[in-house]
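What follows is the content of protein.txt, which has compact mmCIF, C-alpha atoms:
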# COMPACT_ATOMS: atom_id res chain seq x y z
CA MET A 428 0.00 0.00 0.00
CA THR A 429 1.23 3.51 -0.79
CA THR A 430 1.08 5.69 2.29
CA GLY A 431 0.69 9.45 2.50
CA PHE A 432 4.36 9.72 3.37
CA GLU A 433 5.39 8.21 0.03
CA ARG A 434 2.92 10.15 -2.04
CA ASP A 435 3.63 13.54 -3.58
CA ARG A 436 2.16 15.94 -1.02
CA ASP A 437 1.07 18.35 -3.77
CA GLU A 438 -1.71 15.85 -4.54
CA PHE A 439 -2.34 14.74 -1.00
CA ALA A 440 -5.58 16.40 0.01
CA ARG A 441 -7.82 16.06 -3.03
CA GLY A 442 -9.12 12.52 -3.28
CA ALA A 443 -7.12 11.18 -0.33
CA ARG A 444 -8.87 8.36 1.53
CA ALA A 445 -9.35 9.04 5.22
CA VAL A 446 -10.59 7.49 8.43
CA VAL A 447 -12.40 9.88 10.78
CA VAL A 448 -12.04 9.20 14.51
CA PHE A 449 -14.11 10.69 17.34
CA PRO A 450 -12.76 9.99 20.84
CA GLU A 451 -15.67 10.17 23.31
CA HIS A 452 -14.65 11.66 26.65
CA GLY A 453 -17.10 11.17 29.53
CA ALA A 454 -20.66 12.44 29.35
CA SER A 455 -21.33 14.50 26.23
CA SER A 456 -24.35 16.55 25.19
CA ARG A 457 -23.61 15.79 21.56
CA ASP A 458 -24.95 13.07 19.32
CA VAL A 459 -21.99 10.85 18.39
CA ALA A 460 -23.28 10.09 14.89
CA ALA A 461 -23.90 13.80 14.24
CA ARG A 462 -20.43 14.67 15.47
CA LEU A 463 -18.84 12.09 13.17
CA GLU A 464 -20.91 13.42 10.27
CA GLU A 465 -19.78 16.96 11.01
CA THR A 466 -16.10 15.99 11.01
CA ALA A 467 -16.61 13.97 7.83
CA GLY A 468 -18.21 17.09 6.34
CA LEU A 469 -15.21 19.17 7.35
CA ALA A 470 -12.91 16.67 5.64
CA ALA A 471 -15.11 16.60 2.53
CA ALA A 472 -14.88 20.39 2.40
CA ILE A 473 -11.24 20.05 1.28
CA GLY A 474 -11.83 17.13 -1.06
CA VAL A 475 -10.92 14.28 1.29
CA VAL A 476 -12.78 11.01 0.69
CA VAL A 477 -14.00 9.64 4.03
CA ALA A 478 -13.73 5.86 3.87
CA GLU A 479 -14.69 5.08 7.46
CA LYS A 480 -16.01 6.84 10.58
CA ILE A 481 -15.15 5.37 14.00
CA SER A 482 -15.81 6.45 17.58
CA TYR A 483 -13.89 5.19 20.59
CA ARG A 484 -14.83 5.53 24.24
CA VAL A 485 -11.83 7.10 26.01
CA ARG A 486 -11.90 6.81 29.80
CA GLY A 487 -8.48 8.32 30.34
CA ALA A 488 -6.49 10.08 27.62
CA ARG A 489 -3.02 8.59 27.19
CA PRO A 490 -0.30 11.27 26.94
CA SER A 491 1.47 9.35 24.17
CA THR A 492 -1.38 8.42 21.81
CA LEU A 493 -4.65 9.69 23.36
CA LEU A 494 -6.27 6.30 22.62
CA GLY A 495 -5.52 3.08 24.47
CA SER A 496 -3.06 0.62 22.93
CA GLY A 497 -5.82 -1.80 21.91
CA GLN A 498 -7.77 1.01 20.27
CA VAL A 499 -4.67 2.13 18.38
CA GLU A 500 -4.22 -1.43 17.08
CA MET A 501 -7.85 -1.61 15.94
CA LEU A 502 -7.52 1.78 14.26
CA ALA A 503 -4.32 0.71 12.49
CA LEU A 504 -6.18 -2.35 11.16
CA ALA A 505 -9.02 -0.14 9.89
CA VAL A 506 -6.51 2.18 8.20
CA ARG A 507 -4.92 -0.77 6.39
CA MET A 508 -8.25 -2.33 5.39
CA GLU A 509 -9.54 0.96 3.99
CA GLU A 510 -6.18 1.76 2.37
CA ALA A 511 -6.42 5.14 4.04
CA GLU A 512 -3.57 7.62 3.89
CA LEU A 513 -5.03 10.12 6.30
CA VAL A 514 -6.55 9.85 9.79
CA VAL A 515 -8.61 12.80 11.02
CA PHE A 516 -9.08 13.05 14.79
CA ASP A 517 -12.08 15.01 16.00
CA ALA A 518 -10.06 16.14 19.01
CA SER A 519 -7.05 18.25 19.87
CA LEU A 520 -3.80 16.31 19.68
CA THR A 521 -0.52 17.30 21.25
CA PRO A 522 2.53 17.30 18.95
CA VAL A 523 3.76 14.14 20.71
CA GLN A 524 0.44 12.35 20.24
CA GLN A 525 0.30 13.36 16.58
CA ARG A 526 3.83 12.09 15.91
CA ASN A 527 3.33 8.79 17.77
CA LEU A 528 -0.01 8.10 16.08
CA GLU A 529 1.53 8.66 12.65
CA LYS A 530 4.19 6.06 13.47
CA GLU A 531 1.66 3.53 14.81
CA LEU A 532 -0.90 3.99 12.04
CA GLY A 533 1.42 4.45 9.05
CA ALA A 534 -0.65 7.38 7.83
CA LYS A 535 -0.74 11.14 8.06
CA VAL A 536 -2.62 12.33 11.19
CA ILE A 537 -4.26 15.71 11.69
CA ASP A 538 -6.48 16.91 14.50
CA ARG A 539 -9.60 19.08 14.48
CA THR A 540 -7.65 22.32 14.71
CA GLY A 541 -5.38 21.37 11.83
CA LEU A 542 -8.35 20.35 9.69
CA ILE A 543 -10.22 23.62 10.26
CA LEU A 544 -7.08 25.65 9.56
CA GLU A 545 -6.61 23.71 6.32
CA ILE A 546 -10.18 24.51 5.23
CA PHE A 547 -9.79 28.18 6.07
CA GLY A 548 -6.48 28.29 4.20
CA GLU A 549 -8.12 26.92 1.07
CA ARG A 550 -11.26 29.08 1.32
CA ALA A 551 -9.80 32.50 2.13
CA ALA A 552 -10.57 34.58 -0.96
CA THR A 553 -9.43 38.04 0.08
CA ALA A 554 -5.99 39.33 1.00
CA GLU A 555 -7.26 39.97 4.52
CA GLY A 556 -8.61 36.44 4.87
CA ARG A 557 -5.31 34.95 3.72
CA LEU A 558 -3.39 37.06 6.23
CA GLN A 559 -5.69 35.95 9.03
CA VAL A 560 -5.42 32.28 8.17
CA GLU A 561 -1.67 32.37 7.78
CA LEU A 562 -1.30 34.05 11.17
CA ALA A 563 -3.54 31.43 12.79
CA HIS A 564 -1.64 28.62 11.09
CA LEU A 565 1.75 29.95 12.18
CA ASP A 566 0.56 30.32 15.76
CA TYR A 567 -0.61 26.70 15.71
CA GLN A 568 2.47 25.35 13.97
CA ALA A 569 4.92 27.15 16.28
CA GLY A 570 4.43 24.38 18.84
CA ARG A 571 4.22 21.41 16.46
CA LEU A 572 6.93 18.79 16.24
CA VAL A 573 5.78 17.70 12.79
CA ARG A 574 7.53 19.64 10.05
CA SER A 575 4.68 20.70 7.81
CA TRP A 576 4.82 24.48 7.78
CA THR A 577 6.08 24.53 4.22
CA HIS A 578 3.73 27.36 3.26
CA LEU A 579 6.39 29.91 4.22
CA GLU A 580 7.93 29.47 0.78
CA ARG A 581 4.60 29.56 -1.12
CA GLN A 582 2.61 32.44 -2.56
CA ARG A 583 -0.86 30.89 -2.60
CA GLY A 584 -3.45 30.80 0.18
CA GLY A 585 -3.36 27.13 1.24
CA PHE A 586 -1.42 26.32 4.34
CA GLY A 587 0.33 23.05 4.07
CA PHE A 588 -0.94 20.30 6.32
CA LEU A 589 -2.07 18.26 3.36
CA GLY A 590 -0.50 20.02 0.41
CA GLY A 591 2.65 21.92 -0.37
CA PRO A 592 5.91 21.35 -2.17
CA GLY A 593 7.03 18.51 0.08
CA GLU A 594 9.21 18.42 3.15
CA THR A 595 11.96 20.63 1.76
CA GLN A 596 11.91 23.01 4.72
CA ILE A 597 12.73 20.63 7.52
CA GLU A 598 14.40 22.99 9.97
CA ALA A 599 12.01 24.50 12.51
CA ASP A 600 13.16 28.11 12.20
CA ARG A 601 11.20 29.61 15.09
CA ARG A 602 12.73 33.03 14.61
CA LEU A 603 11.42 33.12 11.04
CA ILE A 604 7.97 32.16 12.28
CA ARG A 605 8.00 34.88 14.94
CA ASP A 606 9.16 37.53 12.46
CA ARG A 607 6.49 36.53 9.96
CA MET A 608 3.80 36.58 12.65
CA ALA A 609 4.89 40.07 13.73
CA ARG A 610 4.58 41.33 10.13
CA LEU A 611 1.16 39.74 9.71
CA LYS A 612 -0.09 41.29 12.95
CA ARG A 613 1.03 44.74 11.79
CA GLU A 614 -0.77 44.29 8.46
CA LEU A 615 -3.93 43.09 10.20
CA GLU A 616 -3.81 46.07 12.58
CA GLN A 617 -3.88 48.31 9.51
CA VAL A 618 -6.86 46.33 8.17
CA SER A 619 -8.60 46.79 11.52
CA ARG A 620 -7.99 50.55 11.45
CA THR A 621 -9.35 50.81 7.91
CA ARG A 622 -12.42 48.78 8.84
CA GLY A 623 -12.88 51.02 11.88
CA LEU A 624 -12.88 54.13 9.66
CA HIS A 625 -15.53 52.56 7.42
CA ARG A 626 -17.59 51.72 10.49
CA GLU A 627 -17.33 55.28 11.82
CA ARG A 628 -18.52 56.56 8.46
CA ARG A 629 -21.57 54.27 8.62
CA GLN A 630 -22.31 55.34 12.18
CA ARG A 631 -22.27 58.99 11.12
CA ALA A 632 -24.73 58.15 8.34
CA PRO A 633 -26.20 56.48 10.53
CA TRP A 634 -27.47 53.08 9.39
CA PRO A 635 -28.06 50.16 11.74
CA VAL A 636 -25.95 47.04 11.21
CA ILE A 637 -27.53 43.58 11.41
CA ALA A 638 -25.07 40.69 11.69
CA LEU A 639 -26.06 37.14 10.77
CA VAL A 640 -24.25 34.71 13.05
CA GLY A 641 -24.59 30.99 13.56
CA TYR A 642 -23.05 27.56 13.40
CA THR A 643 -21.48 26.65 10.08
CA ASN A 644 -24.00 25.28 7.57
CA ALA A 645 -26.96 26.68 9.52
CA GLY A 646 -28.18 28.51 6.41
CA LYS A 647 -26.87 32.05 7.01
CA SER A 648 -25.76 32.63 3.44
CA THR A 649 -29.02 31.26 2.03
CA LEU A 650 -30.93 33.70 4.25
CA PHE A 651 -28.53 36.51 3.33
CA ASN A 652 -29.15 35.90 -0.37
CA ARG A 653 -32.92 35.87 0.14
CA LEU A 654 -32.89 39.13 2.11
CA THR A 655 -30.52 40.99 -0.20
CA GLY A 656 -30.91 39.38 -3.62
CA ALA A 657 -27.16 38.71 -3.56
CA ASP A 658 -25.44 35.59 -4.84
CA VAL A 659 -23.11 34.76 -1.96
CA MET A 660 -21.92 31.14 -2.12
CA ALA A 661 -24.54 29.07 -0.30
CA GLU A 662 -24.05 25.32 -0.46
CA ASP A 663 -24.64 22.33 1.80
CA LEU A 664 -21.00 22.58 2.74
CA LEU A 665 -19.26 23.41 6.00
CA PHE A 666 -17.55 26.81 5.90
CA ALA A 667 -18.96 27.60 2.46
CA THR A 668 -18.61 31.30 3.37
CA LEU A 669 -15.36 32.55 4.87
CA ASP A 670 -14.84 36.19 4.01
CA PRO A 671 -17.53 38.56 5.33
CA THR A 672 -20.04 40.16 2.99
CA LEU A 673 -22.02 43.36 3.62
CA ARG A 674 -25.07 44.52 1.68
CA GLN A 675 -27.58 47.32 2.00
CA ILE A 676 -31.21 46.34 2.61
CA SER A 677 -34.48 48.20 3.14
CA LEU A 678 -36.65 47.59 6.19
CA PRO A 679 -40.08 48.92 7.18
CA GLY A 680 -39.68 52.26 8.96
CA LEU A 681 -35.99 52.56 8.11
CA ASP A 682 -34.21 54.32 5.28
CA LYS A 683 -31.69 51.51 4.98
CA ALA A 684 -29.72 49.02 7.03
CA ILE A 685 -26.48 47.07 6.55
CA LEU A 686 -26.71 43.27 6.61
CA SER A 687 -23.50 41.37 7.33
CA ASP A 688 -22.93 37.68 6.57
CA THR A 689 -20.03 36.31 8.63
CA VAL A 690 -18.00 33.12 8.80
CA GLY A 691 -19.87 30.24 10.42
CA PHE A 692 -18.81 29.16 13.89
CA VAL A 693 -18.10 25.61 14.94
CA SER A 694 -17.56 23.75 18.19
CA GLU A 695 -14.01 23.97 19.48
CA LEU A 696 -13.16 26.71 17.00
CA PRO A 697 -9.37 27.02 17.21
CA THR A 698 -8.34 29.83 19.53
CA GLN A 699 -5.80 30.88 16.92
CA LEU A 700 -8.61 31.52 14.44
CA VAL A 701 -10.74 33.42 16.94
CA ALA A 702 -7.81 35.74 17.58
CA ALA A 703 -6.78 36.07 13.93
CA PHE A 704 -10.31 36.74 12.67
CA LYS A 705 -11.03 39.45 15.21
CA ALA A 706 -10.69 42.14 12.51
CA THR A 707 -13.38 40.45 10.43
CA LEU A 708 -15.58 39.71 13.43
CA GLU A 709 -15.50 43.34 14.54
CA GLU A 710 -18.57 43.73 12.31
CA VAL A 711 -20.31 41.37 14.74
CA ILE A 712 -18.99 43.15 17.82
CA SER A 713 -20.31 46.53 16.68
CA ALA A 714 -23.65 45.31 15.27
CA ASP A 715 -26.90 46.88 16.42
CA LEU A 716 -28.66 43.51 16.20
CA LEU A 717 -27.45 39.91 16.01
CA VAL A 718 -29.63 37.45 14.13
CA HIS A 719 -28.57 33.99 15.29
CA VAL A 720 -29.48 31.57 12.50
CA ARG A 721 -29.95 28.06 13.91
CA ASP A 722 -30.34 24.77 12.08
CA ILE A 723 -33.33 23.75 14.16
CA ALA A 724 -33.53 20.34 12.44
CA HIS A 725 -30.03 19.33 13.54
CA PRO A 726 -29.86 16.82 16.43
CA ASP A 727 -27.21 18.98 18.16
CA THR A 728 -28.99 22.31 17.67
CA ILE A 729 -28.95 23.12 21.41
CA ALA A 730 -25.23 22.34 21.73
CA GLN A 731 -24.54 24.35 18.57
CA ARG A 732 -26.37 27.32 20.08
CA ALA A 733 -24.10 27.12 23.13
CA ASP A 734 -21.04 26.97 20.85
CA VAL A 735 -22.08 30.13 19.02
CA GLU A 736 -22.76 32.00 22.26
CA SER A 737 -19.34 30.89 23.53
CA VAL A 738 -17.57 32.29 20.45
CA LEU A 739 -19.54 35.55 20.69
CA GLN A 740 -18.36 35.88 24.26
CA ASP A 741 -14.77 35.08 23.24
CA ILE A 742 -14.66 37.82 20.60
CA GLY A 743 -16.07 40.42 22.98
CA VAL A 744 -19.72 40.82 21.99
CA ALA A 745 -21.53 42.66 24.76
CA PRO A 746 -24.18 40.54 26.52
CA GLU A 747 -26.70 43.37 26.17
CA THR A 748 -26.44 43.42 22.35
CA PRO A 749 -29.97 42.68 21.09
CA ARG A 750 -30.37 39.15 19.71
CA LEU A 751 -33.00 37.45 17.60
CA GLU A 752 -32.98 33.73 16.84
CA ALA A 753 -34.03 32.56 13.38
CA TRP A 754 -34.98 28.89 13.69
CA ASN A 755 -34.09 27.80 10.18
CA LYS A 756 -34.77 24.67 8.08
CA LEU A 757 -38.43 24.23 8.95
CA ASP A 758 -38.71 22.41 5.64
CA LEU A 759 -36.69 19.49 7.07
CA LEU A 760 -39.03 18.81 10.00
CA ASP A 761 -41.85 16.27 10.01
CA HIS A 762 -45.42 17.41 10.77
CA ASP A 763 -45.34 16.80 14.54
CA GLU A 764 -41.91 18.40 15.05
CA ARG A 765 -42.95 21.36 12.93
CA THR A 766 -46.19 21.92 14.85
CA GLU A 767 -44.43 21.78 18.20
CA LEU A 768 -41.66 24.11 17.06
CA LEU A 769 -44.02 26.69 15.55
CA GLY A 770 -46.00 26.71 18.79
CA GLU A 771 -42.89 27.37 20.86
CA ALA A 772 -41.68 30.11 18.50
CA GLU A 773 -45.11 31.76 18.69
CA ARG A 774 -44.84 31.99 22.49
CA ARG A 775 -41.48 33.77 22.37
CA ASP A 776 -40.70 37.30 21.24
CA ASP A 777 -37.01 36.62 20.48
CA VAL A 778 -37.57 33.78 17.98
CA VAL A 779 -38.89 33.54 14.41
CA ALA A 780 -39.25 30.15 12.72
CA ILE A 781 -38.25 30.21 9.05
CA SER A 782 -37.11 28.28 6.02
CA ALA A 783 -34.49 30.36 4.23
CA LEU A 784 -34.70 27.89 1.35
CA SER A 785 -38.45 28.17 0.69
CA GLY A 786 -38.94 31.68 2.11
CA GLU A 787 -41.46 30.59 4.74
CA GLY A 788 -41.46 32.96 7.71
CA VAL A 789 -38.94 35.37 6.15
CA ASP A 790 -41.49 38.22 5.90
CA THR A 791 -42.20 37.80 9.62
CA LEU A 792 -38.46 37.83 10.29
CA ILE A 793 -38.09 41.12 8.37
CA GLN A 794 -40.97 42.70 10.32
CA THR A 795 -39.48 41.51 13.62
CA ILE A 796 -36.01 42.84 12.77
CA ALA A 797 -37.51 46.21 11.84
CA ALA A 798 -39.55 46.31 15.05
CA MET A 799 -36.48 45.56 17.18
CA LEU A 800 -34.40 48.23 15.46
CA THR A 801 -37.14 50.84 15.73
CA GLN A 802 -38.42 50.06 19.23
CA ASN A 803 -36.73 53.17 20.62
CA HIS A 804 -38.22 55.40 17.95
CA ARG A 805 -40.44 58.25 19.07
CA ARG A 806 -43.41 60.03 17.60
CA TYR A 807 -42.83 63.54 16.26
CA SER A 808 -45.11 66.19 14.74
CA ILE A 809 -43.26 67.97 11.92
CA THR A 810 -44.63 70.87 9.86
CA LEU A 811 -43.25 71.59 6.40
CA ASP A 812 -44.11 73.87 3.52
CA SER A 813 -46.40 72.04 1.13
CA ALA A 814 -43.84 72.63 -1.62
CA ASP A 815 -41.03 70.97 0.37
CA GLY A 816 -41.12 67.71 -1.53
CA ALA A 817 -37.55 66.81 -0.60
CA GLY A 818 -38.35 67.16 3.11
CA ALA A 819 -41.47 65.01 2.77
CA ALA A 820 -39.51 62.35 0.88
CA TRP A 821 -36.84 62.37 3.61
CA LEU A 822 -39.45 61.76 6.31
CA HIS A 823 -40.94 58.84 4.36
CA ALA A 824 -37.48 57.37 3.77
CA HIS A 825 -36.15 57.68 7.33
CA GLY A 826 -39.25 57.14 9.41
CA GLU A 827 -42.77 55.77 9.49
CA VAL A 828 -45.30 58.43 8.48
CA LEU A 829 -48.38 57.77 10.60
CA GLY A 830 -50.53 60.65 9.36
CA GLN A 831 -50.53 63.82 7.31
CA ASP A 832 -52.65 66.99 7.54
CA VAL A 833 -52.47 69.72 4.89
CA GLU A 834 -53.75 73.21 5.71
CA ASN A 835 -53.15 76.25 3.50
CA ASP A 836 -49.51 76.13 2.42
CA GLN A 837 -48.30 73.83 5.19
CA ALA A 838 -48.32 70.08 5.74
CA THR A 839 -48.07 68.53 9.21
CA TYR A 840 -46.69 64.99 9.43
CA GLU A 841 -46.97 62.60 12.35
CA VAL A 842 -43.81 60.52 12.10
CA ARG A 843 -42.16 57.75 14.14
CA MET A 844 -38.39 57.84 13.84
CA ALA A 845 -35.15 57.48 15.75
CA PRO A 846 -34.23 60.53 17.86
CA ARG A 847 -30.92 60.78 16.00
CA ASP A 848 -32.76 60.96 12.66
CA TYR A 849 -35.05 63.66 14.03
CA ASP A 850 -31.96 65.64 15.11
CA ARG A 851 -30.44 65.25 11.65
CA PHE A 852 -33.65 66.45 10.03
CA SER A 853 -33.94 69.39 12.39
CA GLN A 854 -30.42 70.53 11.44
CA ARG A 855 -31.14 70.65 7.70
CA GLY A 856 -29.68 73.78 6.23
CA VAL A 857 -27.93 74.75 9.48

Output the file's structure in the form of structure tokens.
Amino acid sequence: MTTGFERDRDEFARGARAVVVFPEHGASSRDVAARLEETAGLAAAIGVVVAEKISYRVRGARPSTLLGSGQVEMLALAVRMEEAELVVFDASLTPVQQRNLEKELGAKVIDRTGLILEIFGERAATAEGRLQVELAHLDYQAGRLVRSWTHLERQRGGFGFLGGPGETQIEADRRLIRDRMARLKRELEQVSRTRGLHRERRQRAPWPVIALVGYTNAGKSTLFNRLTGADVMAEDLLFATLDPTLRQISLPGLDKAILSDTVGFVSELPTQLVAAFKATLEEVISADLLVHVRDIAHPDTIAQRADVESVLQDIGVAPETPRLEAWNKLDLLDHDERTELLGEAERRDDVVAISALSGEGVDTLIQTIAAMLTQNHRRYSITLDSADGAGAAWLHAHGEVLGQDVENDQATYEVRMAPRDYDRFSQRGV
């Protein structure tokens, strides 16, 4: 059998056969089958062919191999039978564990962090995204004993666990890594400053920002496309969207709003990525409203919700930031589940049940978003000259005109709008 070590690493990822392993530790709130499917989906996202999915009950993690010796033997047999060249562990491995497992199994081994970093490296489409992924990868690789950080001599965006020019750079030059990380951090600080200037400009406008957040593959991009008419990549694929997208939308009672589609979160998101993507996720931190899109048909939907809230806390989102949950994928529920879910959503004022795919419930979601963004609006009585068409149009665009009374050459409007918009209107011509 040809192992991954003997094969040209330039071809390694695409089409490589892999065994996915989930070590179960103690009591878990997660469905084991769903967790294995998720990890298999992550592997498929970079073209790996998953030949087998195995879970092992781990009572005490061994420092050398994580799994017990008997489990390692069974896994090695499975690797040989499936002719696998890659083993993906849905767990964090120490450098020692990774090295020892590669020796015992005769195949390349990567852990959950390495797999997610590989996906992000392949998906980053913008210069900013590539900088963020490279920084995260370097931070991770700085402590690895395996010599796979060959991306330092490449120009493309992938980052070398599964691909690359081969093990030509075998010396762990930590000074080079530190210098490169320092340069990347300086570049990302500049990106953050530029993004901050854009944000300040929007706040002076001012337009509210709505950020779609959620677990990867929850349907955020499908909902984003439906709300904006955009064509952001939306596939049944984990991490289909990586770089953030912002679009202008219209909402009842508002002139305009900015809708942001962000990278999907995942359980045990590598801390290196959370730190590196802070510049991108600043759009979430500063949002006026977070719409948490949940795959309500997923067996781990409750655990996924907790994962998203954990990441939001990690990146510094204020607990008081208004939140609305969009319970997505109604179309995947059977009749009884659907009836029960719709009843629960009806009883809550922070939930809207939808199907982003079919459009069911999306109009209600739009109305609810608008109501949450305008709940602090006040009612004003504004008198204009009847000929002031521009002023009347401004009131209709920036507020909700409740009534209008025309007498002689003057028109009086009863308008609900944000106090800041009223102040802006009052200062016209000043």

Find the distance between atom CA of A:Leu768 and atom CA of A:Val720 and write it in Å to one decimal.
->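 Between these atoms lies a distance of 15.0 Å.
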
Tell me, as a ChimeraX atom specification, which residues lie within 8 Å of A:Leu829, counting only C-alpha atoms; anything in the same chain fewer than 5 positions away does not count.
-> /A:840-843

Closest of A:Leu784, A:Leu542, A:Ala488, A:Val744 to A:Gln524 - atom-to-atom distances counting only C-alpha atoms |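 Ranked by minimum distance to A:Gln524, first place goes to A:Ala488.
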
Determine, counting all atoms listed in the file, every residue of protein, DNA or RNA that lies within 10 Å of (-2.7, 16.3, 20.3) in the file coordinates, then give the result as a PyMOL selection string.
-> chain A and resi 490-493+516+518-528+536-540+571

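Between atom CA of A:Thr689 and atom CA of A:Asp734 the interatomic distance comes to 15.4 Å.
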
May I ask which of the residues A:Ala445, A:Val475, A:Ile723, A:Val789 is the closest one to A:Arg507, counting only C-alpha atoms?
-> A:Ala445

Restricting the calculation to all atoms listed in the file, which member of A:Leu800, A:Ala838, A:Ala569, A:Ala467 is positioned closest to A:Gly816?
->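 Using all atoms listed in the file, the shortest distance to A:Gly816 belongs to A:Ala838.
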
Proximity to A:Asp722 - best of A:His762, A:Arg441, A:Lys647, A:Arg750, all atoms listed in the file = A:Lys647

Mind giving me the straight-line distance from atom CA of A:His725 to atom CA of A:Val485 in Å, one decimal?
->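 These atoms are spaced 25.2 Å apart.
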
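Closest to A:His823 among A:Glu512, A:Asp763, A:Asp682, A:Asp777 is A:Asp682, based on all atoms listed in the file.
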
Mind checking which residues fall within 7 Å of A:Phe547, counting all atoms listed in the file, ignoring those fewer than 4 positions away in the same chain, and posting them as a short mmCIF file (atom, residue, chain, number, x, y, z; two decimals) with C-alpha atoms, keeping the file's coordinate frame?
data_model
loop_
_atom_site.label_atom_id
_atom_site.label_comp_id
_atom_site.auth_asym_id
_atom_site.auth_seq_id
_atom_site.Cartn_x
_atom_site.Cartn_y
_atom_site.Cartn_z
CA ILE A 543 -10.22 23.62 10.26
CA ALA A 551 -9.80 32.50 2.13
CA VAL A 560 -5.42 32.28 8.17
#
